[in-house]
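Participant: So I've got this file, final_10.cif, and it contains mmCIF, C-alpha atoms:
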data_upload
loop_
_atom_site.label_atom_id
_atom_site.label_comp_id
_atom_site.auth_asym_id
_atom_site.auth_seq_id
_atom_site.Cartn_x
_atom_site.Cartn_y
_atom_site.Cartn_z
CA MET A 1 55.83 62.99 123.23
CA SER A 2 53.20 61.89 125.71
CA GLY A 3 49.68 61.00 124.73
CA GLY A 4 48.29 63.74 126.91
CA PRO A 5 46.96 65.46 128.81
CA TYR A 6 48.05 68.75 127.29
CA PHE A 7 47.75 72.12 128.91
CA ILE A 8 46.49 75.38 127.49
CA VAL A 9 47.47 78.49 129.43
CA ASP A 10 46.06 81.99 129.01
CA GLU A 11 48.10 84.75 130.64
CA LEU A 12 46.13 87.98 130.54
CA ARG A 13 47.68 91.22 131.78
CA SER A 14 44.78 93.50 132.58
CA ALA A 15 44.55 97.16 131.74
CA PRO A 16 44.99 99.34 134.86
CA GLY A 17 42.09 98.85 137.26
CA CYS A 18 40.39 96.30 134.99
CA ALA A 19 41.47 93.03 136.58
CA ASP A 20 38.13 92.25 138.20
CA ARG A 21 36.12 93.04 135.07
CA LEU A 22 38.48 90.90 133.03
CA ARG A 23 38.28 88.02 135.49
CA ILE A 24 34.47 88.08 135.40
CA ALA A 25 34.42 88.40 131.61
CA TYR A 26 36.73 85.42 131.21
CA LEU A 27 34.99 83.17 133.72
CA ASP A 28 31.45 84.08 132.66
CA GLY A 29 31.94 84.86 128.99
CA TYR A 30 34.81 82.67 127.76
CA ALA A 31 35.01 79.66 130.07
CA PRO A 32 31.59 78.05 129.46
CA ALA A 33 32.20 77.69 125.72
CA ALA A 34 35.71 76.43 126.38
CA ARG A 35 34.30 73.73 128.65
CA ALA A 36 31.81 72.85 125.94
CA ARG A 37 34.78 72.31 123.58
CA GLY A 38 36.17 69.77 126.05
CA MET A 39 38.60 71.94 128.00
CA THR A 40 38.91 71.51 131.79
CA MET A 41 39.95 74.47 133.89
CA LEU A 42 42.57 73.42 136.41
CA HIS A 43 43.73 76.71 137.90
CA ALA A 44 42.88 80.38 137.97
CA TRP A 45 45.65 82.62 139.38
CA ARG A 46 46.45 86.28 139.70
CA ASN A 47 49.72 88.14 140.15
CA PRO A 48 50.33 90.19 142.22
CA PRO A 49 47.97 88.52 144.68
CA LEU A 50 45.54 91.44 144.80
CA ASP A 51 43.75 93.76 142.39
CA LEU A 52 45.80 96.94 142.21
CA LEU A 53 43.79 100.14 142.10
CA ASP A 54 45.66 101.56 139.14
CA GLY A 55 48.21 98.97 138.18
CA THR A 56 48.01 95.91 135.98
CA THR A 57 47.33 92.41 137.19
CA THR A 58 48.20 89.21 135.37
CA LEU A 59 45.44 86.62 135.37
CA THR A 60 46.53 83.09 134.51
CA PHE A 61 44.03 80.43 133.54
CA VAL A 62 45.29 76.87 133.14
CA TRP A 63 43.26 74.39 131.14
CA SER A 64 43.79 70.80 130.18
CA VAL A 65 42.61 68.62 127.31
CA GLU A 66 42.77 64.85 127.55
CA ASP A 67 44.66 63.99 124.40
CA LEU A 68 45.60 65.21 120.93
CA PRO A 69 42.16 64.72 119.38
CA GLY A 70 40.87 66.76 122.31
CA TRP A 71 43.44 69.45 121.61
CA TRP A 72 42.46 69.72 117.95
CA HIS A 73 38.76 69.72 118.86
CA ALA A 74 39.24 72.62 121.26
CA ARG A 75 41.53 74.51 118.91
CA LEU A 76 39.44 74.19 115.74
CA GLY A 77 36.18 74.60 117.63
CA ALA A 78 37.31 78.00 118.85
CA ALA A 79 38.58 79.07 115.43
CA GLY A 80 35.26 78.17 113.86
CA ASP A 81 33.08 79.90 116.47
CA PRO A 82 32.37 83.56 115.72
CA ALA A 83 31.29 84.06 119.36
CA VAL A 84 34.75 83.10 120.62
CA LEU A 85 36.48 85.46 118.22
CA SER A 86 34.00 88.22 119.14
CA TRP A 87 34.73 87.70 122.83
CA TRP A 88 38.44 88.34 122.31
CA GLU A 89 37.63 91.43 120.24
CA GLU A 90 35.17 92.82 122.81
CA THR A 91 37.51 92.30 125.79
CA ARG A 92 40.51 93.77 123.98
CA PRO A 93 40.18 97.11 125.86
CA LEU A 94 40.59 95.23 129.17
CA ILE A 95 43.80 93.45 128.12
CA VAL A 96 47.25 95.00 127.85
CA GLU A 97 48.94 91.77 126.85
CA HIS A 98 47.78 88.22 126.19
CA ARG A 99 49.98 85.17 125.96
CA ARG A 100 48.61 81.77 125.07
CA LEU A 101 50.93 78.87 125.74
CA TYR A 102 50.68 75.16 125.06
CA HIS A 103 52.38 72.77 127.44
CA GLU A 104 53.11 69.12 127.78
CA GLY A 105 53.91 67.57 131.13
CA ILE A 106 57.46 66.35 131.69
CA ALA A 107 59.00 64.21 134.41
CA ALA A 108 60.25 66.31 137.29
CA MET B 109 59.47 76.75 85.76
CA PHE B 110 56.16 78.33 86.73
CA ARG B 111 52.99 76.61 87.70
CA GLN B 112 49.28 77.06 88.25
CA CYS B 113 47.52 74.81 90.72
CA THR B 114 43.72 74.84 90.70
CA LEU B 115 41.40 73.19 93.22
CA VAL B 116 38.11 72.47 91.46
CA THR B 117 34.93 71.87 93.45
CA PHE B 118 32.11 70.42 91.39
CA ALA B 119 28.49 71.46 91.81
CA LYS B 120 26.52 69.01 93.94
CA ASN B 121 24.29 68.15 90.98
CA ALA B 122 27.17 67.60 88.57
CA ASP B 123 27.02 63.96 87.57
CA GLU B 124 30.00 61.88 86.52
CA SER B 125 29.58 62.64 82.82
CA ALA B 126 29.58 66.40 83.50
CA ARG B 127 32.70 66.05 85.64
CA GLN B 128 34.50 64.04 82.99
CA ALA B 129 33.43 66.50 80.30
CA LEU B 130 34.92 69.36 82.29
CA ALA B 131 38.16 67.50 82.86
CA ALA B 132 38.30 66.78 79.14
CA ARG B 133 37.86 70.48 78.31
CA LEU B 134 40.66 71.45 80.69
CA THR B 135 42.91 68.74 79.28
CA GLU B 136 42.25 69.94 75.75
CA ALA B 137 42.99 73.53 76.75
CA ALA B 138 46.36 72.41 78.14
CA ARG B 139 47.15 70.30 75.06
CA GLN B 140 46.33 73.18 72.72
CA ASP B 141 48.70 75.57 74.49
CA PRO B 142 52.32 75.10 73.33
CA ALA B 143 53.51 76.99 76.42
CA VAL B 144 52.30 74.20 78.71
CA THR B 145 55.15 71.85 79.61
CA HIS B 146 53.21 69.52 81.88
CA HIS B 147 49.64 69.02 83.06
CA ARG B 148 47.83 66.44 85.07
CA PHE B 149 44.87 65.92 87.38
CA GLY B 150 44.77 64.54 90.88
CA PRO B 151 41.47 63.25 92.31
CA ALA B 152 40.85 64.48 95.82
CA VAL B 153 41.17 62.12 98.75
CA SER B 154 38.49 62.63 101.36
CA GLY B 155 39.17 64.61 104.50
CA GLY B 156 40.20 67.92 103.00
CA ALA B 157 38.76 71.30 103.92
CA ASN B 158 37.82 73.60 101.02
CA GLY B 159 40.23 71.41 99.06
CA GLY B 160 38.08 70.66 96.04
CA ASP B 161 37.24 67.46 94.23
CA LEU B 162 39.98 67.68 91.65
CA VAL B 163 43.45 69.21 91.61
CA TRP B 164 44.62 70.51 88.21
CA HIS B 165 48.38 70.95 87.86
CA VAL B 166 49.66 72.98 84.90
CA HIS B 167 53.35 73.85 84.35
CA PHE B 168 55.01 76.44 82.14
CA ARG B 169 58.62 77.17 81.27
CA ASP B 170 58.49 80.53 82.98
CA GLN B 171 56.20 83.27 84.30
CA ALA B 172 56.11 85.10 80.98
CA ASP B 173 54.73 82.03 79.22
CA TRP B 174 52.07 81.62 81.93
CA ALA B 175 51.11 85.30 81.82
CA ALA B 176 50.47 85.08 78.08
CA SER B 177 48.60 81.79 78.26
CA PRO B 178 44.79 81.47 78.09
CA ILE B 179 45.19 78.92 80.91
CA ARG B 180 45.78 81.85 83.28
CA ALA B 181 42.17 83.02 82.99
CA LEU B 182 40.58 79.57 83.13
CA PRO B 183 40.13 79.26 86.92
CA ALA B 184 38.07 82.46 87.02
CA ALA B 185 36.11 81.34 83.96
CA LEU B 186 35.20 78.09 85.70
CA ALA B 187 32.92 80.06 88.04
CA GLY B 188 30.43 80.33 85.18
CA ASP B 189 30.41 76.62 84.40
CA PRO B 190 27.24 74.85 85.64
CA ALA B 191 29.30 71.81 86.62
CA ILE B 192 31.44 73.90 88.99
CA ASP B 193 30.58 75.21 92.43
CA HIS B 194 33.82 77.14 92.81
CA ALA B 195 37.55 77.01 92.14
CA ASP B 196 40.60 78.28 93.99
CA SER B 197 43.83 78.74 92.14
CA CYS B 198 47.40 79.84 92.79
CA ALA B 199 50.02 80.71 90.19
CA TYR B 200 53.59 80.76 91.41
CA ARG B 201 57.19 79.88 90.84
CA PRO B 202 57.93 76.98 93.19
CA ALA B 203 60.51 78.18 95.68
CA GLY B 204 63.13 75.98 97.23
CA ALA B 205 61.70 72.54 96.50
CA HIS B 206 63.26 69.73 98.56
CA LEU B 207 63.27 66.13 97.44
CA ARG B 208 63.79 63.23 99.85
CA GLU B 209 62.19 60.82 97.42
CA PRO B 210 62.39 62.21 93.90
CA GLY B 211 61.33 58.83 92.54
CA LEU B 212 58.17 58.77 94.63
CA GLY B 213 55.51 56.80 92.78
CA ALA B 214 51.90 56.45 93.87
CA SER B 215 51.55 59.01 96.61
CA VAL B 216 49.44 61.71 98.20
CA TYR B 217 49.95 65.32 97.26
CA ARG B 218 48.91 67.86 99.86
CA ALA B 219 48.48 71.53 99.05
CA LEU B 220 47.63 74.20 101.61
CA PHE B 221 46.52 77.53 100.17
CA LEU B 222 46.86 80.16 102.87
CA ALA B 223 46.47 83.91 103.14
CA VAL B 224 48.69 85.89 105.50
CA LYS B 225 46.73 88.85 106.86
CA PRO B 226 47.43 92.18 105.16
CA GLY B 227 49.74 94.42 107.15
CA THR B 228 51.68 91.57 108.76
CA PRO B 229 55.27 92.78 109.27
CA PRO B 230 57.77 91.19 106.87
CA GLU B 231 59.86 89.80 109.70
CA LYS B 232 56.83 87.93 111.05
CA ILE B 233 56.12 86.49 107.62
CA ALA B 234 59.74 85.40 107.33
CA GLN B 235 59.62 83.73 110.74
CA PHE B 236 56.37 81.97 109.83
CA ALA B 237 57.89 80.74 106.58
CA ASN B 238 61.03 79.48 108.35
CA ASP B 239 58.99 77.64 110.98
CA THR B 240 56.73 76.05 108.34
CA ALA B 241 59.55 75.08 105.98
CA ALA B 242 61.31 73.33 108.88
CA MET B 243 58.43 70.88 109.40
CA PRO B 244 60.20 68.12 107.42
CA ASP B 245 63.10 68.30 109.92
CA TYR B 246 60.69 66.96 112.52
CA ILE B 247 58.35 64.92 110.31
CA PRO B 248 60.34 62.47 108.15
CA GLU B 249 57.12 61.27 106.53
CA ILE B 250 57.11 64.48 104.47
CA ARG B 251 58.87 63.03 101.44
CA ASN B 252 59.06 66.07 99.15
CA TRP B 253 58.03 69.64 99.84
CA ALA B 254 57.99 73.28 98.76
CA LEU B 255 56.76 76.50 100.36
CA SER B 256 56.16 79.18 97.75
CA PRO B 257 54.90 82.77 97.67
CA VAL B 258 51.99 83.24 95.28
CA THR B 259 52.17 85.51 92.24
CA GLU B 260 48.46 85.49 91.37
CA ALA B 261 45.57 84.04 93.35
CA GLN B 262 41.95 83.38 92.48
CA GLY B 263 39.10 82.15 94.64
CA ALA B 264 37.91 82.66 98.18
CA ARG B 265 40.95 84.56 99.40
CA HIS B 266 43.93 86.50 98.13
CA TRP B 267 46.19 83.49 98.70
CA THR B 268 49.74 84.51 99.63
CA HIS B 269 51.49 81.14 99.99
CA VAL B 270 51.23 77.54 98.87
CA TRP B 271 52.64 74.90 101.22
CA GLU B 272 53.03 71.65 99.31
CA GLN B 273 54.05 68.22 100.58
CA GLU B 274 54.04 64.69 99.25
CA PHE B 275 53.48 61.64 101.41
CA ARG B 276 53.63 57.95 100.60
CA THR B 277 50.13 57.43 101.97
CA ILE B 278 47.16 59.39 103.30
CA GLY B 279 47.90 57.77 106.65
CA GLU B 280 51.20 59.65 106.84
CA LEU B 281 49.37 62.95 106.39
CA ARG B 282 46.58 62.15 108.84
CA GLY B 283 48.90 60.47 111.36
CA PRO B 284 52.51 61.62 111.82
CA TYR B 285 51.89 65.02 110.19
CA MET B 286 48.82 65.95 112.26
CA ARG B 287 50.18 64.36 115.46
CA SER B 288 53.62 65.93 115.37
CA PRO B 289 54.12 68.27 118.36
CA TYR B 290 56.17 70.49 116.04
CA HIS B 291 53.00 70.92 113.98
CA TRP B 292 50.28 71.37 116.59
CA GLY B 293 52.44 72.72 119.41
CA PHE B 294 54.64 75.11 117.47
CA VAL B 295 53.79 75.91 113.82
CA ASP B 296 50.02 75.93 114.31
CA ARG B 297 50.26 79.08 116.45
CA TRP B 298 50.53 81.18 113.28
CA PHE B 299 47.08 79.83 112.28
CA ASP B 300 45.44 80.06 115.72
CA PRO B 301 43.20 83.15 116.14
CA GLU B 302 43.50 82.82 119.93
CA HIS B 303 47.29 82.96 119.87
CA GLN B 304 49.38 86.11 120.01
CA ASP B 305 51.35 85.05 116.88
CA PHE B 306 48.23 84.57 114.71
CA ILE B 307 48.83 85.89 111.17
CA VAL B 308 47.05 83.46 108.77
CA ASP B 309 43.40 83.90 107.76
CA THR B 310 41.35 81.08 109.25
CA TRP B 311 39.88 80.27 105.81
CA LEU B 312 42.28 77.79 104.26
CA CYS B 313 42.24 75.37 101.35
CA HIS B 314 43.56 72.06 102.63
CA SER B 315 43.68 69.61 99.74
CA ALA B 316 44.88 66.01 99.62
CA SER B 317 44.86 64.26 96.26
CA ALA B 318 46.21 61.12 94.68
CA LEU B 319 49.24 61.15 92.41
CA GLU B 320 50.78 58.40 90.32
CA ALA B 321 54.18 60.05 90.59
CA SER B 322 55.72 63.02 92.34
CA VAL B 323 54.81 66.42 90.93
CA ILE B 324 57.26 68.27 93.21
CA ALA B 325 60.10 66.29 91.56
CA LEU B 326 59.26 68.28 88.42
CA TYR B 327 60.28 71.49 90.17
CA ARG B 328 63.85 70.42 89.38
CA ASP B 329 65.20 73.80 88.46
CA THR B 330 64.09 75.15 91.83
CA VAL B 331 65.44 72.33 93.98
CA ALA B 332 67.45 73.54 96.95
CA ALA B 333 71.01 72.30 97.17
#
Write the structure described by the file as structure tokens, please.

Facilitator:
Amino acid sequence: MSGGPYFIVDELRSAPGCADRLRIAYLDGYAPAARARGMTMLHAWRNPPLDLLDGTTTLTFVWSVEDLPGWWHARLGAAGDPAVLSWWEETRPLIVEHRRLYHEGIAA
Amino acid sequence: MFRQCTLVTFAKNADESARQALAARLTEAARQDPAVTHHRFGPAVSGGANGGDLVWHVHFRDQADWAASPIRALPAALAGDPAIDHADSCAYRPAGAHLREPGLGASVYRALFLAVKPGTPPEKIAQFANDTAAMPDYIPEIRNWALSPVTEAQGARHWTHVWEQEFRTIGELRGPYMRSPYHWGFVDRWFDPEHQDFIVDTWLCHSASALEASVIALYRDTVAA
């Protein structure tokens, strides 16, 4: 096991036609508090590479934390913040599927 | 065997004499009850969360003896004691205890009271239990352990499970246990409200207390082969 950094990935499949609203909600409503918990956003992706008029789009946000204390700080900070939990509840109608993944870098 | 584990949090203004008086009353209650086969206290080690100041372990021969015992009602009755802020308690038959070090002497006993959210599908609960019970496969510092469904809960939540471990030192709990990637990178997802596998209420009782000898070793009639 490395000492970090560790990577936190949110894959959000938007409801049809909601990709842009979801992107704005995540970047404006979720990301600032995540940064305040010590997370660094590395990448923001979408697939397919356009916002479909009536299809779903998967938005992928890749974050890093420096080390394990940083991981626990981000993780427990979110769990203890009613605003974070409310954000997920309020954006639920925009999200068909959400996957959160935790990664460690490996030699390639 | 059947047991009742109570996490007692004293009132902030309860001085040492009040605390000792309460412990003495609980000890006397256990001594007076012929159905009690074992009882002891464990003083809390700092760093817990909702884990109390004192852990009270009481054992019975079986569930019927516990159900008929006045000890059963004591945790709820503690709420009216001026020396007590609150108490959380679980009564259960220890399930599948495992002993790496049955002769463990001075040690740290860790109890996690958790509440799986109502409506969670049984297969999810089973998967959660399997993942949690496998932690010792990846964390050799867990010396003895048991994951048990709860028969009767009292306190802040309707506790559904008690996850118990014993470590040689508090450093083993705070270090290898918390740093294990199996813990934070795999099992913790069940507890993470931002994760798609989240099923455990975020309000937990995480208690670490001192023991002079293993209490899980007493679960001998439940020990897994």

Participant: On this file, the PyMOL selection byres ((chain B and resi 224-233) around 7) gives some set of residues; write that set as a short mmCIF file (atom, residue, chain, number, x, y, z; two decimals) with C-alpha atoms, in the coordinates of the input.

Facilitator:
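Writing done, so here's expr09.cif:
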data_model
loop_
_atom_site.label_atom_id
_atom_site.label_comp_id
_atom_site.auth_asym_id
_atom_site.auth_seq_id
_atom_site.Cartn_x
_atom_site.Cartn_y
_atom_site.Cartn_z
CA LEU B 222 46.86 80.16 102.87
CA ALA B 223 46.47 83.91 103.14
CA ALA B 234 59.74 85.40 107.33
CA GLN B 235 59.62 83.73 110.74
CA PHE B 236 56.37 81.97 109.83
CA ALA B 237 57.89 80.74 106.58
CA THR B 268 49.74 84.51 99.63
CA ILE B 307 48.83 85.89 111.17
CA VAL B 308 47.05 83.46 108.77
CA ASP B 309 43.40 83.90 107.76
#

Participant: Quick one: apply the PyMOL selection byres ((chain A and resi 102) around 6) to the file and drop the selected residues here as number ranges by chain.

Facilitator: A: 7-8, 101, 103

Participant: Emit the selected residues as a tab-separated table (two decimals), in the coordinates of the input, including C-alpha atoms.

Facilitator:
chain	number	residue	atom	x	y	z
A	7	PHE	CA	47.75	72.12	128.91
A	8	ILE	CA	46.49	75.38	127.49
A	101	LEU	CA	50.93	78.87	125.74
A	103	HIS	CA	52.38	72.77	127.44

Participant: Evaluate the PyMOL selection byres ((chain B) within 9 of (chain A)) on the structure here and hand back the selected residues as a short mmCIF file (atom, residue, chain, number, x, y, z; two decimals) with C-alpha atoms, in the frame of the given file.

Facilitator:
data_model
loop_
_atom_site.label_atom_id
_atom_site.label_comp_id
_atom_site.auth_asym_id
_atom_site.auth_seq_id
_atom_site.Cartn_x
_atom_site.Cartn_y
_atom_site.Cartn_z
CA ARG B 287 50.18 64.36 115.46
CA SER B 288 53.62 65.93 115.37
CA PRO B 289 54.12 68.27 118.36
CA TRP B 292 50.28 71.37 116.59
CA GLY B 293 52.44 72.72 119.41
CA PHE B 294 54.64 75.11 117.47
CA ASP B 300 45.44 80.06 115.72
CA PRO B 301 43.20 83.15 116.14
CA GLU B 302 43.50 82.82 119.93
CA HIS B 303 47.29 82.96 119.87
CA GLN B 304 49.38 86.11 120.01
CA THR B 310 41.35 81.08 109.25
#

Participant: For A:Ala83, which residue out of A:Gly105, A:Pro16, A:Gly29, A:Gly55 is the nearest one, using all atoms listed in the file?

Facilitator: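 With all atoms listed in the file as the atom set, the closest residue is A:Gly29.
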
Participant: Around (43.0, 73.2, 82.7) in the file's frame, which residues reach within 12 Å when counting all atoms listed in the file? Return as a PyMOL selection string?

Facilitator: chain B and resi 111-116+129-141+144+146-149+162-167+177-186+195+197

Participant: Keeping only C-alpha atoms, write the selected residues as a PDB file, keeping the file's coordinate frame.

Facilitator:
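Result file is out_7.pdb:
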ATOM      1  CA  ARG B 111      52.990  76.610  87.700  1.00  0.00           C
ATOM      2  CA  GLN B 112      49.280  77.060  88.250  1.00  0.00           C
ATOM      3  CA  CYS B 113      47.520  74.810  90.720  1.00  0.00           C
ATOM      4  CA  THR B 114      43.720  74.840  90.700  1.00  0.00           C
ATOM      5  CA  LEU B 115      41.400  73.190  93.220  1.00  0.00           C
ATOM      6  CA  VAL B 116      38.110  72.470  91.460  1.00  0.00           C
ATOM      7  CA  ALA B 129      33.430  66.500  80.300  1.00  0.00           C
ATOM      8  CA  LEU B 130      34.920  69.360  82.290  1.00  0.00           C
ATOM      9  CA  ALA B 131      38.160  67.500  82.860  1.00  0.00           C
ATOM     10  CA  ALA B 132      38.300  66.780  79.140  1.00  0.00           C
ATOM     11  CA  ARG B 133      37.860  70.480  78.310  1.00  0.00           C
ATOM     12  CA  LEU B 134      40.660  71.450  80.690  1.00  0.00           C
ATOM     13  CA  THR B 135      42.910  68.740  79.280  1.00  0.00           C
ATOM     14  CA  GLU B 136      42.250  69.940  75.750  1.00  0.00           C
ATOM     15  CA  ALA B 137      42.990  73.530  76.750  1.00  0.00           C
ATOM     16  CA  ALA B 138      46.360  72.410  78.140  1.00  0.00           C
ATOM     17  CA  ARG B 139      47.150  70.300  75.060  1.00  0.00           C
ATOM     18  CA  GLN B 140      46.330  73.180  72.720  1.00  0.00           C
ATOM     19  CA  ASP B 141      48.700  75.570  74.490  1.00  0.00           C
ATOM     20  CA  VAL B 144      52.300  74.200  78.710  1.00  0.00           C
ATOM     21  CA  HIS B 146      53.210  69.520  81.880  1.00  0.00           C
ATOM     22  CA  HIS B 147      49.640  69.020  83.060  1.00  0.00           C
ATOM     23  CA  ARG B 148      47.830  66.440  85.070  1.00  0.00           C
ATOM     24  CA  PHE B 149      44.870  65.920  87.380  1.00  0.00           C
ATOM     25  CA  LEU B 162      39.980  67.680  91.650  1.00  0.00           C
ATOM     26  CA  VAL B 163      43.450  69.210  91.610  1.00  0.00           C
ATOM     27  CA  TRP B 164      44.620  70.510  88.210  1.00  0.00           C
ATOM     28  CA  HIS B 165      48.380  70.950  87.860  1.00  0.00           C
ATOM     29  CA  VAL B 166      49.660  72.980  84.900  1.00  0.00           C
ATOM     30  CA  HIS B 167      53.350  73.850  84.350  1.00  0.00           C
ATOM     31  CA  SER B 177      48.600  81.790  78.260  1.00  0.00           C
ATOM     32  CA  PRO B 178      44.790  81.470  78.090  1.00  0.00           C
ATOM     33  CA  ILE B 179      45.190  78.920  80.910  1.00  0.00           C
ATOM     34  CA  ARG B 180      45.780  81.850  83.280  1.00  0.00           C
ATOM     35  CA  ALA B 181      42.170  83.020  82.990  1.00  0.00           C
ATOM     36  CA  LEU B 182      40.580  79.570  83.130  1.00  0.00           C
ATOM     37  CA  PRO B 183      40.130  79.260  86.920  1.00  0.00           C
ATOM     38  CA  ALA B 184      38.070  82.460  87.020  1.00  0.00           C
ATOM     39  CA  ALA B 185      36.110  81.340  83.960  1.00  0.00           C
ATOM     40  CA  LEU B 186      35.200  78.090  85.700  1.00  0.00           C
ATOM     41  CA  ALA B 195      37.550  77.010  92.140  1.00  0.00           C
ATOM     42  CA  SER B 197      43.830  78.740  92.140  1.00  0.00           C
TER      43      SER B 197
END

Participant: In Å, how far is it from atom CA of A:Leu42 to atom CA of A:Leu94?

Facilitator: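 According to the coordinates, atom CA of A:Leu42 and atom CA of A:Leu94 are separated by 23.1 Å.
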
Participant: Measure the distance from atom CA of B:Phe118 to atom CA of B:Asp189 in Å and round it to one decimal.

Facilitator: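 Atom-to-atom, atom CA of B:Phe118 to atom CA of B:Asp189, that is 9.5 Å.
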
Participant: Please compute the atom CA of B:Tyr217-atom CA of B:Arg297 distance, one decimal, in Å.

Facilitator: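 Atom CA of B:Arg297 lies 23.6 Å from atom CA of B:Tyr217.
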